[in-house]
$ cat run_0.cif   # mmCIF, C-alpha atoms and all ligand atoms
data_my_file
loop_
_atom_site.label_atom_id
_atom_site.label_comp_id
_atom_site.auth_asym_id
_atom_site.auth_seq_id
_atom_site.Cartn_x
_atom_site.Cartn_y
_atom_site.Cartn_z
CA MET A 211 84.36 -67.82 20.74
CA THR A 212 83.63 -69.82 17.59
CA SER A 213 81.50 -68.17 14.93
CA PRO A 214 78.39 -69.93 13.63
CA VAL A 215 78.82 -72.03 10.51
CA ILE A 216 77.89 -70.34 7.22
CA PRO A 217 76.06 -73.06 5.30
CA PHE A 218 76.63 -73.64 1.61
CA VAL A 219 72.89 -73.76 0.95
CA ASP A 220 69.96 -73.23 3.33
CA LEU A 221 67.13 -75.57 2.39
CA ARG A 222 65.53 -75.04 5.80
CA ALA A 223 65.03 -71.31 5.18
CA ALA A 224 63.54 -72.04 1.75
CA HIS A 225 61.18 -74.60 3.29
CA ALA A 226 60.03 -72.14 5.95
CA GLU A 227 58.70 -69.89 3.18
CA VAL A 228 56.63 -72.61 1.51
CA ALA A 229 55.85 -74.86 4.50
CA GLU A 230 52.17 -74.02 4.79
CA GLU A 231 51.45 -74.37 1.08
CA VAL A 232 53.37 -77.64 0.89
CA ARG A 233 51.57 -79.10 3.89
CA ALA A 234 48.16 -78.14 2.48
CA GLY A 235 49.14 -79.63 -0.90
CA PHE A 236 50.40 -82.86 0.67
CA ASP A 237 47.13 -83.15 2.61
CA ARG A 238 45.22 -82.75 -0.63
CA VAL A 239 47.25 -85.48 -2.37
CA LEU A 240 46.97 -87.81 0.63
CA ALA A 241 43.21 -87.27 0.78
CA ASP A 242 42.64 -88.17 -2.86
CA THR A 243 45.60 -90.65 -3.07
CA SER A 244 46.68 -89.24 -6.44
CA PHE A 245 50.31 -90.25 -5.85
CA VAL A 246 51.17 -90.95 -9.49
CA GLN A 247 50.22 -88.49 -12.25
CA GLY A 248 47.93 -86.50 -9.97
CA PRO A 249 46.51 -83.13 -11.07
CA ASP A 250 49.43 -81.25 -9.46
CA VAL A 251 51.81 -82.81 -12.01
CA ALA A 252 49.98 -81.43 -15.03
CA ALA A 253 49.49 -78.10 -13.26
CA PHE A 254 53.20 -77.83 -12.48
CA GLU A 255 54.17 -78.79 -16.05
CA GLU A 256 51.99 -75.99 -17.38
CA GLU A 257 53.22 -73.44 -14.85
CA PHE A 258 56.89 -74.28 -15.35
CA ALA A 259 56.58 -74.21 -19.16
CA ALA A 260 55.01 -70.73 -18.87
CA PHE A 261 57.77 -69.60 -16.48
CA CYS A 262 60.42 -70.75 -18.97
CA GLY A 263 58.58 -69.37 -22.00
CA VAL A 264 58.66 -72.79 -23.67
CA PRO A 265 55.43 -74.41 -24.96
CA HIS A 266 55.89 -77.90 -23.46
CA CYS A 267 57.20 -79.32 -20.19
CA VAL A 268 57.25 -83.03 -19.35
CA GLY A 269 58.00 -83.92 -15.74
CA VAL A 270 60.36 -86.88 -15.25
CA GLY A 271 61.98 -88.78 -12.39
CA ASN A 272 65.27 -86.80 -12.20
CA GLY A 273 67.61 -84.61 -14.23
CA THR A 274 69.81 -87.43 -15.51
CA ASP A 275 66.76 -89.22 -16.91
CA ALA A 276 65.63 -85.90 -18.43
CA ILE A 277 68.86 -85.69 -20.47
CA GLU A 278 68.69 -89.35 -21.50
CA LEU A 279 65.01 -89.16 -22.50
CA ALA A 280 65.53 -85.92 -24.45
CA LEU A 281 68.36 -87.63 -26.37
CA ARG A 282 66.30 -90.79 -26.93
CA ALA A 283 63.36 -88.73 -28.16
CA SER A 284 65.67 -87.18 -30.77
CA GLY A 285 65.94 -90.49 -32.65
CA LEU A 286 69.72 -90.41 -33.13
CA PRO A 287 71.63 -93.31 -34.69
CA ALA A 288 73.00 -95.75 -32.09
CA GLY A 289 76.65 -95.15 -31.27
CA ALA A 290 76.74 -91.63 -32.73
CA GLY A 291 78.87 -89.00 -31.00
CA ALA A 292 77.40 -86.33 -28.72
CA VAL A 293 79.57 -83.29 -28.03
CA LEU A 294 79.66 -82.01 -24.44
CA PRO A 295 82.05 -80.05 -22.23
CA ALA A 296 84.65 -81.92 -20.16
CA ASN A 297 83.88 -79.69 -17.15
CA THR A 298 80.36 -80.72 -16.22
CA PHE A 299 78.66 -82.82 -13.60
CA VAL A 300 79.20 -86.43 -14.63
CA ALA A 301 75.46 -86.94 -15.29
CA THR A 302 75.68 -85.13 -18.64
CA ALA A 303 78.15 -87.71 -19.97
CA GLU A 304 76.45 -90.59 -18.16
CA ALA A 305 73.09 -89.82 -19.81
CA VAL A 306 74.79 -89.75 -23.24
CA VAL A 307 76.15 -93.27 -22.71
CA ARG A 308 72.85 -94.51 -21.32
CA ALA A 309 71.10 -93.17 -24.41
CA GLY A 310 73.34 -95.40 -26.54
CA LEU A 311 75.58 -92.56 -27.74
CA ARG A 312 79.29 -91.82 -27.40
CA PRO A 313 80.51 -88.80 -25.42
CA VAL A 314 82.76 -86.54 -27.50
CA LEU A 315 84.35 -84.10 -25.11
CA ALA A 316 85.27 -80.48 -25.76
CA ASP A 317 87.05 -77.87 -23.65
CA CYS A 318 85.56 -74.78 -21.99
CA ASP A 319 86.55 -71.13 -22.28
CA ASP A 320 88.83 -69.81 -19.57
CA GLU A 321 86.71 -66.78 -18.68
CA HIS A 322 83.26 -68.30 -17.99
CA LEU A 323 84.02 -72.03 -18.01
CA LEU A 324 81.22 -72.58 -20.55
CA LEU A 325 81.47 -74.85 -23.62
CA ASP A 326 84.07 -73.36 -25.99
CA PRO A 327 82.53 -73.19 -29.49
CA VAL A 328 85.98 -73.48 -31.13
CA SER A 329 86.78 -76.67 -29.25
CA ALA A 330 83.24 -77.97 -29.87
CA ALA A 331 83.64 -77.30 -33.61
CA ALA A 332 86.92 -79.23 -33.65
CA ALA A 333 85.16 -82.15 -31.93
CA SER A 334 82.24 -82.18 -34.39
CA GLY A 335 82.35 -84.17 -37.58
CA PRO A 336 80.76 -86.93 -39.62
CA GLY A 337 80.39 -89.24 -36.56
CA THR A 338 78.66 -86.70 -34.31
CA ALA A 339 74.88 -86.33 -34.12
CA ALA A 340 74.21 -84.18 -31.05
CA ILE A 341 75.61 -81.39 -28.92
CA LEU A 342 74.87 -80.78 -25.25
CA PRO A 343 75.65 -77.24 -24.15
CA VAL A 344 75.70 -77.11 -20.33
CA HIS A 345 74.45 -73.90 -18.71
CA LEU A 346 77.04 -74.31 -16.00
CA TYR A 347 76.71 -72.46 -12.67
CA GLY A 348 73.49 -70.69 -13.81
CA GLN A 349 74.30 -68.85 -17.04
CA GLN A 350 73.66 -70.07 -20.56
CA ALA A 351 76.32 -71.45 -22.86
CA PRO A 352 76.86 -69.38 -26.05
CA MET A 353 73.69 -70.60 -27.75
CA ALA A 354 73.96 -68.65 -31.02
CA ALA A 355 77.36 -70.26 -31.66
CA VAL A 356 76.04 -73.67 -30.58
CA HIS A 357 73.12 -73.42 -33.01
CA ASP A 358 75.43 -72.30 -35.86
CA LEU A 359 77.64 -75.30 -35.24
CA ALA A 360 74.61 -77.60 -34.97
CA ALA A 361 73.27 -76.33 -38.30
CA ARG A 362 76.67 -76.83 -39.99
CA HIS A 363 77.03 -80.42 -38.79
CA GLY A 364 73.37 -81.47 -38.54
CA LEU A 365 73.53 -81.90 -34.77
CA ALA A 366 70.54 -82.20 -32.45
CA VAL A 367 70.82 -79.67 -29.61
CA VAL A 368 69.94 -80.90 -26.11
CA GLU A 369 70.58 -78.28 -23.44
CA ASP A 370 71.64 -79.33 -19.96
CA ALA A 371 69.71 -76.68 -18.05
CA ALA A 372 69.95 -78.35 -14.63
CA GLN A 373 71.65 -75.29 -13.10
CA SER A 374 69.95 -72.46 -15.00
CA GLN A 375 66.24 -72.29 -14.12
CA GLY A 376 65.11 -68.73 -14.84
CA SER A 377 68.24 -67.69 -16.75
CA ALA A 378 67.99 -65.85 -20.07
CA GLN A 379 70.17 -64.90 -23.01
CA ASP A 380 69.62 -62.01 -25.44
CA GLY A 381 68.98 -62.99 -29.03
CA ARG A 382 69.31 -66.73 -28.51
CA PRO A 383 67.36 -69.17 -30.70
CA PRO A 384 64.32 -70.70 -28.96
CA VAL A 385 64.68 -73.86 -26.89
CA GLY A 386 64.36 -76.98 -29.04
CA LEU A 387 65.02 -79.51 -26.30
CA ALA A 388 66.33 -78.85 -22.81
CA ALA A 389 66.64 -81.01 -19.71
CA THR A 390 66.53 -79.77 -16.15
CA SER A 391 66.88 -81.16 -12.65
CA PHE A 392 64.96 -80.40 -9.48
CA TYR A 393 67.51 -82.05 -7.18
CA PRO A 394 66.96 -80.41 -3.75
CA GLY A 395 69.92 -78.02 -3.99
CA LYS A 396 69.08 -76.67 -7.45
CA ASN A 397 67.56 -73.16 -7.82
CA LEU A 398 64.17 -74.88 -8.05
CA GLY A 399 64.56 -77.90 -5.79
CA ALA A 400 62.15 -80.70 -4.89
CA TYR A 401 62.16 -82.71 -1.66
CA GLY A 402 63.62 -85.74 -3.40
CA GLU A 403 64.38 -86.64 -7.01
CA ALA A 404 62.68 -84.84 -9.88
CA GLY A 405 63.43 -83.37 -13.30
CA ALA A 406 61.82 -82.17 -16.51
CA VAL A 407 62.25 -81.91 -20.27
CA LEU A 408 61.32 -78.60 -21.93
CA THR A 409 60.62 -78.41 -25.63
CA SER A 410 58.98 -76.27 -28.28
CA GLY A 411 58.15 -79.37 -30.32
CA PRO A 412 54.82 -81.07 -29.63
CA GLN A 413 56.18 -84.26 -31.20
CA ALA A 414 59.28 -84.28 -28.99
CA ALA A 415 57.06 -83.65 -25.97
CA ARG A 416 54.90 -86.61 -26.88
CA ALA A 417 57.93 -88.83 -27.53
CA VAL A 418 59.44 -87.97 -24.12
CA ARG A 419 56.11 -88.50 -22.37
CA LEU A 420 55.73 -91.92 -23.98
CA LEU A 421 59.20 -92.92 -22.79
CA THR A 422 58.54 -91.76 -19.20
CA SER A 423 55.58 -94.07 -18.87
CA HIS A 424 56.45 -97.52 -20.29
CA GLY A 425 55.96 -96.36 -23.87
CA SER A 426 52.26 -96.08 -23.22
CA GLU A 427 49.69 -93.34 -23.69
CA VAL A 428 46.65 -95.58 -23.44
CA LYS A 429 46.66 -97.91 -20.46
CA TYR A 430 48.13 -101.35 -21.26
CA ARG A 431 48.91 -100.43 -24.86
CA HIS A 432 52.69 -100.07 -25.24
CA GLU A 433 53.85 -98.45 -28.47
CA THR A 434 57.51 -98.52 -27.64
CA LEU A 435 59.91 -99.73 -24.97
CA GLY A 436 60.05 -97.09 -22.29
CA PHE A 437 60.95 -96.37 -18.71
CA ASN A 438 59.25 -95.64 -15.45
CA SER A 439 60.45 -92.08 -14.90
CA ARG A 440 57.56 -89.81 -14.01
CA LEU A 441 57.43 -86.69 -11.86
CA ASP A 442 56.06 -87.68 -8.46
CA THR A 443 52.85 -85.89 -7.41
CA LEU A 444 54.19 -84.92 -3.96
CA GLN A 445 57.27 -83.42 -5.61
CA ALA A 446 55.01 -81.49 -7.99
CA VAL A 447 53.28 -79.95 -4.95
CA VAL A 448 56.64 -78.75 -3.60
CA LEU A 449 57.76 -77.49 -7.00
CA ARG A 450 54.53 -75.51 -7.55
CA ALA A 451 54.92 -73.75 -4.19
CA LYS A 452 58.61 -72.98 -4.84
CA LEU A 453 58.04 -71.92 -8.45
CA ARG A 454 55.91 -69.02 -7.17
CA ARG A 455 59.02 -67.73 -5.38
CA LEU A 456 61.64 -68.63 -7.97
CA ALA A 457 61.83 -65.26 -9.74
CA ARG A 458 62.32 -63.48 -6.41
CA TRP A 459 64.80 -66.10 -5.17
CA ASN A 460 66.82 -65.69 -8.39
CA GLU A 461 66.79 -61.90 -7.88
CA LEU A 462 68.13 -62.43 -4.36
CA ARG A 463 70.90 -64.64 -5.79
CA ARG A 464 71.74 -61.92 -8.32
CA ALA A 465 71.90 -59.33 -5.52
CA ALA A 466 74.13 -61.65 -3.47
CA ALA A 467 76.43 -62.16 -6.48
CA ALA A 468 76.73 -58.39 -6.94
CA ARG A 469 77.56 -58.02 -3.25
CA TYR A 470 80.24 -60.73 -3.48
CA ALA A 471 81.72 -58.98 -6.52
CA SER A 472 82.18 -55.75 -4.59
CA LEU A 473 83.37 -57.45 -1.39
CA LEU A 474 85.90 -59.58 -3.29
CA SER A 475 87.24 -56.75 -5.44
CA GLY A 476 89.52 -55.87 -2.53
CA VAL A 477 90.72 -59.43 -1.90
CA GLU A 478 94.03 -60.12 -3.60
CA GLY A 479 94.43 -63.48 -5.35
CA VAL A 480 90.71 -64.11 -5.97
CA ARG A 481 89.43 -64.26 -9.52
CA PRO A 482 85.66 -63.65 -9.31
CA PRO A 483 83.19 -65.20 -11.78
CA ARG A 484 81.80 -63.16 -14.68
CA GLU A 485 78.43 -62.93 -16.32
CA THR A 486 78.79 -63.04 -20.13
CA PRO A 487 77.37 -59.96 -21.88
CA GLY A 488 73.76 -60.73 -22.87
CA ASN A 489 73.31 -63.39 -20.20
CA THR A 490 71.01 -63.15 -17.20
CA HIS A 491 72.87 -65.35 -14.73
CA VAL A 492 70.84 -66.99 -11.95
CA TRP A 493 73.89 -67.91 -9.87
CA HIS A 494 73.14 -71.50 -8.99
CA LEU A 495 76.79 -71.49 -7.92
CA TYR A 496 79.18 -68.63 -7.20
CA VAL A 497 82.53 -70.01 -8.33
CA VAL A 498 85.73 -68.04 -7.74
CA ARG A 499 89.25 -69.12 -8.70
CA VAL A 500 92.11 -69.06 -6.23
CA PRO A 501 95.72 -70.27 -6.02
CA GLU A 502 96.44 -73.21 -3.68
CA ARG A 503 92.75 -74.06 -3.83
CA ASP A 504 92.82 -77.14 -1.59
CA ARG A 505 94.58 -75.25 1.21
CA VAL A 506 92.20 -72.31 0.82
CA LEU A 507 89.22 -74.66 0.99
CA ALA A 508 90.58 -76.31 4.15
CA GLY A 509 91.14 -72.87 5.72
CA LEU A 510 87.59 -71.77 4.96
CA GLN A 511 86.12 -74.98 6.30
CA ALA A 512 88.17 -74.70 9.51
CA ALA A 513 86.70 -71.20 9.96
CA GLY A 514 83.12 -72.47 9.49
CA VAL A 515 82.62 -71.30 5.91
CA GLN A 516 81.11 -74.17 3.94
CA ALA A 517 82.71 -73.86 0.50
CA GLN A 518 82.70 -76.70 -2.08
CA ILE A 519 84.17 -77.64 -5.47
CA HIS A 520 82.09 -78.02 -8.66
CA TYR A 521 83.69 -80.17 -9.95
CA PRO A 522 87.10 -81.38 -8.78
CA VAL A 523 87.70 -83.92 -11.60
CA PRO A 524 86.70 -83.32 -15.24
CA VAL A 525 84.76 -86.06 -17.02
CA HIS A 526 87.73 -87.32 -19.08
CA LEU A 527 89.79 -88.02 -15.94
CA GLN A 528 87.02 -89.95 -14.16
CA PRO A 529 87.66 -93.70 -13.87
CA ALA A 530 84.17 -94.38 -15.28
CA PHE A 531 85.15 -92.65 -18.52
CA ALA A 532 88.60 -94.19 -18.94
CA PHE A 533 87.12 -96.06 -21.92
CA LEU A 534 87.13 -92.80 -23.87
CA GLY A 535 90.92 -93.08 -23.92
CA HIS A 536 91.71 -89.55 -22.75
CA GLY A 537 94.50 -88.51 -20.42
CA PRO A 538 95.83 -85.47 -18.61
CA GLY A 539 96.46 -82.54 -20.95
CA ASP A 540 93.63 -83.34 -23.38
CA PHE A 541 91.37 -80.50 -22.13
CA PRO A 542 93.84 -78.06 -20.56
CA VAL A 543 91.43 -75.22 -19.76
CA ALA A 544 89.01 -77.52 -17.92
CA GLU A 545 91.89 -79.23 -16.13
CA ARG A 546 93.53 -76.01 -14.95
CA ALA A 547 90.17 -74.67 -13.78
CA ALA A 548 89.45 -77.88 -11.85
CA GLY A 549 92.47 -77.11 -9.66
CA GLU A 550 91.47 -73.49 -9.00
CA ILE A 551 87.68 -73.37 -8.67
CA LEU A 552 85.99 -72.81 -5.33
CA SER A 553 82.22 -72.47 -4.85
CA LEU A 554 81.35 -69.99 -2.08
CA PRO A 555 78.09 -70.22 -0.10
CA MET A 556 75.27 -69.04 -2.40
CA HIS A 557 71.51 -69.19 -1.85
CA PRO A 558 68.59 -66.73 -1.67
CA HIS A 559 68.69 -66.47 2.12
CA LEU A 560 72.39 -65.60 2.42
CA THR A 561 72.73 -62.38 4.46
CA PRO A 562 75.08 -59.44 3.79
CA ALA A 563 76.73 -60.11 7.17
CA GLN A 564 77.41 -63.72 6.19
CA GLN A 565 78.88 -62.60 2.87
CA GLU A 566 81.13 -60.11 4.64
CA ARG A 567 82.42 -62.90 6.84
CA VAL A 568 83.02 -65.14 3.81
CA ALA A 569 85.05 -62.38 2.12
CA GLU A 570 87.01 -61.54 5.29
CA THR A 571 87.78 -65.19 5.94
CA LEU A 572 88.87 -65.74 2.34
CA ASP A 573 91.15 -62.70 2.59
CA LYS A 574 92.68 -63.96 5.84
CA VAL A 575 93.19 -67.49 4.51
CA LEU A 576 94.80 -66.24 1.27
CA ARG A 577 97.25 -64.08 3.23
CA GLN A 578 98.38 -67.13 5.18
CA ILE A 579 98.97 -69.26 2.06
C1 LIG B 1 72.18 -81.80 -11.15
C2 LIG B 1 72.73 -81.93 -12.50
C3 LIG B 1 72.38 -83.00 -13.35
C4 LIG B 1 71.63 -84.22 -12.89
O1 LIG B 1 70.43 -84.03 -12.26
P1 LIG B 1 69.84 -85.14 -11.26
O2 LIG B 1 68.47 -84.65 -10.98
O3 LIG B 1 70.72 -85.14 -10.05
O4 LIG B 1 69.86 -86.45 -11.95
C5 LIG B 1 72.85 -82.98 -14.65
N1 LIG B 1 73.63 -81.99 -15.11
C6 LIG B 1 74.02 -80.97 -14.32
C7 LIG B 1 74.89 -79.89 -14.90
C8 LIG B 1 73.60 -80.91 -12.99
O5 LIG B 1 74.00 -79.90 -12.22
#
$ encode --input "run_0.cif" --output "structure tokens" --more "lines below"
Ligand SMILES: *Cc1c(COP(=O)(O)O)cnc(C)c1O
Amino acid sequence: MTSPVIPFVDLRAAHAEVAEEVRAGFDRVLADTSFVQGPDVAAFEEEFAAFCGVPHCVGVGNGTDAIELALRASGLPAGAGAVLPANTFVATAEAVVRAGLRPVLADCDDEHLLLDPVSAAAASGPGTAAILPVHLYGQQAPMAAVHDLAARHGLAVVEDAAQSQGSAQDGRPPVGLAATSFYPGKNLGAYGEAGAVLTSGPQAARAVRLLTSHGSEVKYRHETLGFNSRLDTLQAVVLRAKLRRLARWNELRRAAAARYASLLSGVEGVRPPRETPGNTHVWHLYVVRVPERDRVLAGLQAAGVQAQIHYPVPVHLQPAFAFLGHGPGDFPVAERAAGEILSLPMHPHLTPAQQERVAETLDKVLRQI
């Protein structure tokens, strides 16, 4: 008898919860044909800003654009350096280049795999103008240290909050500029591409909004060169329905993470992830570390457990970033982690029985290695 597959995420279960609201919302948009910049967009922006406790939210086309537009709205000198961790999704570095800046990579800490302030400080200097802490896996980078460093070197702070919707950190300075993504698999996921910039600055909000819409606030008057990167009205309908459930869904992720922690405490060879003191982690990803990772991953997949790797190759070893001139050994913590990390199934609808099977399978596979 083969056991049913344990999916990595379950977008179908999430949709079932919001299906009626989404359908009613779609019908409303179709009836009044408000496909671009319809009332649901402004309503979502307001609701999401309130959820995040940040005064302004500007919806954009996707998370990568959100990072680029936040950087562009910061008015940084062309070609200046922007510090970011080597262990992030490639979009963080890609957006830096697209914004006309130069990625300056730093290593992560070995315990939480978040931007290491010591490495970031060593990377900062006269040529750097920005820093992009990445709230990787769903918990925030050490923001007090990031802001100290930014103040010392005059750096603009742009947070990559694509994986951390609903996370919190005790005593952190308020959000200046943050970018997020509503890619379908994110904690708050659309049914296509979508993203947003969050900011406490009304001027930054206005600058980003101008850029999203051809540099224009008044129809056919273009103050600056911009983009076409707006939040789609149909996506805003989906996001509004899901936002109403996000706090509960994040609580379910936290409960699932606690359950994994206790199930895995008895599994030899697994290094479970940790929440930093002061952080409220929203567990976008549950990333353990194991020896012989590729063989473990193959064993899990053969047994129907859909694990993944986030991310197998750090930015500095990607062919697209060869121009930075880095090589193996430049960011040793990120590189070692890349060979050990394994993302286990994690989503709000994961059941205790599924988690037990994940832990049992992992135990069995590790014993065979
Ligand atoms: C998803 C993600 C992005 C990019 O978002 P898109 O909406 O896919 O463009 C950027 N940074 C991180 C850390 C992400 O996880």
$ residues_near_ligand --input "run_0.cif" --ligand "ligand LIG 1 (chain B)" --cutoff "8 Å" --atoms "all atoms listed in the file" --output "number ranges by chain"
A: 271-277, 298-302, 344-347, 370-373, 390-393, 396, 403-405
$ atom_distance --input "run_0.cif" --atom1 "atom CA of Ser377 of chain A" --atom2 "atom CA of Gly263 of chain A"
11.1 Å
$ residues_around --input "run_0.cif" --residues "Asp540 of chain A" --least-positions-apart "4" --cutoff "10 Å" --atoms "all atoms listed in the file" --output "VMD selection string"
chain A and resid 296 315 to 317 526 to 527 536 544 to 545
$ closest_atom_pairs --input "run_0.cif" --of "segment 340-363 of chain A" --to "segment 483-498 of chain A" --cutoff "8 Å" --atoms "only C-alpha atoms" --output "tab-separated table"
residue	atom	partner	partner_atom	distance
A:Tyr347	CA	A:Leu495	CA	4.8
A:Gly348	CA	A:Trp493	CA	4.8
A:Gln349	CA	A:His491	CA	4.4
A:Gln350	CA	A:Asn489	CA	6.7
$ residues_around --input "run_0.cif" --residues "Ser284 of chain A" --least-positions-apart "3" --cutoff "9 Å" --atoms "all atoms listed in the file" --output "number ranges by chain"
A: 279-281, 366, 368, 387, 414, 417
$ write_last_selection --input "run_0.cif" --atoms "C-alpha atoms" --output "JSON list (two decimals), keeping the file's coordinate frame"
[["chain", "number", "residue", "atom", "x", "y", "z"],
["A", 279, "LEU", "CA", 65.01, -89.16, -22.50],
["A", 280, "ALA", "CA", 65.53, -85.92, -24.45],
["A", 281, "LEU", "CA", 68.36, -87.63, -26.37],
["A", 366, "ALA", "CA", 70.54, -82.20, -32.45],
["A", 368, "VAL", "CA", 69.94, -80.90, -26.11],
["A", 387, "LEU", "CA", 65.02, -79.51, -26.30],
["A", 414, "ALA", "CA", 59.28, -84.28, -28.99],
["A", 417, "ALA", "CA", 57.93, -88.83, -27.53]]
$ closest_atom_pairs --input "run_0.cif" --of "segment 223-263 of chain A" --to "segment 547-560 of chain A" --cutoff "12 Å" --atoms "all atoms listed in the file" --output "CSV"
residue,atom,partner,partner_atom,distance
A:Ala223,CA,A:His559,CA,6.8
A:Ala224,CA,A:His559,CA,7.6
A:His225,CA,A:His559,CA,11.1
A:Ala226,CA,A:His559,CA,11.0
A:Glu227,CA,A:His559,CA,10.6
$ atom_distance --input "run_0.cif" --atom1 "atom CA of Ser410 of chain A" --atom2 "atom CA of Arg382 of chain A"
14.1 Å
$ atom_distance --input "run_0.cif" --atom1 "atom CA of His322 of chain A" --atom2 "atom CA of Pro343 of chain A"
13.3 Å
$ residues_around --input "run_0.cif" --residues "Ala309 of chain A" --least-positions-apart "2" --cutoff "6 Å" --atoms "all atoms listed in the file" --output "list in words"
Glu278, Arg282, Val306, Val307 and Leu311 of chain A
$ closest_residue --input "run_0.cif" --among "A:Phe541, A:Tyr430, A:Phe533, A:Tyr401" --to "Arg222 of chain A" --atoms "all atoms listed in the file"
A:Tyr401
$ residues_near_point --input "run_0.cif" --point "(54.8, -93.1, -26.5)" --cutoff "12 Å" --atoms "all atoms listed in the file" --output "NGL selection string"
:A and (279 or 282-283 or 413-437)
$ residues_around --input "run_0.cif" --residues "segment 330-337 of chain A" --least-positions-apart "3" --cutoff "9 Å" --atoms "only C-alpha atoms" --output "mmCIF file with C-alpha atoms, keeping the file's coordinate frame"
data_model
loop_
_atom_site.group_PDB
_atom_site.id
_atom_site.type_symbol
_atom_site.label_atom_id
_atom_site.label_comp_id
_atom_site.auth_asym_id
_atom_site.auth_seq_id
_atom_site.Cartn_x
_atom_site.Cartn_y
_atom_site.Cartn_z
ATOM 1 C CA GLY A 289 76.650 -95.150 -31.270
ATOM 2 C CA ALA A 290 76.740 -91.630 -32.730
ATOM 3 C CA GLY A 291 78.870 -89.000 -31.000
ATOM 4 C CA ALA A 292 77.400 -86.330 -28.720
ATOM 5 C CA VAL A 293 79.570 -83.290 -28.030
ATOM 6 C CA LEU A 294 79.660 -82.010 -24.440
ATOM 7 C CA PRO A 295 82.050 -80.050 -22.230
ATOM 8 C CA VAL A 314 82.760 -86.540 -27.500
ATOM 9 C CA LEU A 315 84.350 -84.100 -25.110
ATOM 10 C CA ALA A 316 85.270 -80.480 -25.760
ATOM 11 C CA ASP A 317 87.050 -77.870 -23.650
ATOM 12 C CA CYS A 318 85.560 -74.780 -21.990
ATOM 13 C CA LEU A 325 81.470 -74.850 -23.620
ATOM 14 C CA ASP A 326 84.070 -73.360 -25.990
ATOM 15 C CA PRO A 327 82.530 -73.190 -29.490
ATOM 16 C CA ALA A 340 74.210 -84.180 -31.050
ATOM 17 C CA ILE A 341 75.610 -81.390 -28.920
ATOM 18 C CA VAL A 356 76.040 -73.670 -30.580
ATOM 19 C CA LEU A 359 77.640 -75.300 -35.240
ATOM 20 C CA ALA A 360 74.610 -77.600 -34.970
ATOM 21 C CA HIS A 363 77.030 -80.420 -38.790
ATOM 22 C CA LEU A 365 73.530 -81.900 -34.770
#
$ closest_residue --input "run_0.cif" --among "A:Asp237, A:Glu566, A:Asp573, A:Glu257" --to "Glu478 of chain A" --atoms "all atoms listed in the file"
A:Asp573
$ closest_residue --input "run_0.cif" --among "A:Ser439, A:Phe245, A:Pro562, A:Gly514" --to "Arg463 of chain A" --atoms "all atoms listed in the file"
A:Pro562
$ closest_residue --input "run_0.cif" --among "A:Arg312, A:Arg546, A:Arg567, A:Arg577" --to "Ile216 of chain A" --atoms "all atoms listed in the file"
A:Arg567
$ closest_residue --input "run_0.cif" --among "A:Phe236, A:Leu510, A:Val523, A:Met353" --to "Thr571 of chain A" --atoms "all atoms listed in the file"
A:Leu510
$ decode --input "run_0.cif" --residues "segment 486-493 of chain A" --atoms "N, CA, C and O atoms" --output "mmCIF file, in the first residue's frame"
data_model
loop_
_atom_site.group_PDB
_atom_site.id
_atom_site.type_symbol
_atom_site.label_atom_id
_atom_site.label_comp_id
_atom_site.auth_asym_id
_atom_site.auth_seq_id
_atom_site.Cartn_x
_atom_site.Cartn_y
_atom_site.Cartn_z
ATOM 1 N N THR A 486 14.436 33.437 16.881
ATOM 2 C CA THR A 486 15.310 34.301 17.692
ATOM 3 C C THR A 486 14.509 34.894 18.830
ATOM 4 O O THR A 486 13.336 35.248 18.632
ATOM 5 N N PRO A 487 15.107 35.051 20.027
ATOM 6 C CA PRO A 487 14.376 35.697 21.115
ATOM 7 C C PRO A 487 13.862 37.074 20.663
ATOM 8 O O PRO A 487 14.606 37.811 20.021
ATOM 9 N N GLY A 488 12.621 37.389 20.981
ATOM 10 C CA GLY A 488 12.046 38.676 20.590
ATOM 11 C C GLY A 488 11.311 38.631 19.262
ATOM 12 O O GLY A 488 10.554 39.542 18.937
ATOM 13 N N ASN A 489 11.543 37.583 18.470
ATOM 14 C CA ASN A 489 10.858 37.483 17.181
ATOM 15 C C ASN A 489 9.555 36.704 17.303
ATOM 16 O O ASN A 489 9.476 35.738 18.060
ATOM 17 N N THR A 490 8.537 37.140 16.557
ATOM 18 C CA THR A 490 7.357 36.306 16.339
ATOM 19 C C THR A 490 7.464 35.792 14.911
ATOM 20 O O THR A 490 7.285 36.538 13.954
ATOM 21 N N HIS A 491 7.827 34.539 14.804
ATOM 22 C CA HIS A 491 8.104 33.878 13.523
ATOM 23 C C HIS A 491 6.769 33.453 12.913
ATOM 24 O O HIS A 491 5.913 32.927 13.623
ATOM 25 N N VAL A 492 6.584 33.661 11.615
ATOM 26 C CA VAL A 492 5.334 33.212 10.990
ATOM 27 C C VAL A 492 5.547 32.008 10.068
ATOM 28 O O VAL A 492 4.651 31.632 9.309
ATOM 29 N N TRP A 493 6.745 31.413 10.157
ATOM 30 C CA TRP A 493 6.998 30.102 9.554
ATOM 31 C C TRP A 493 6.500 29.986 8.113
ATOM 32 O O TRP A 493 5.747 29.068 7.787
#
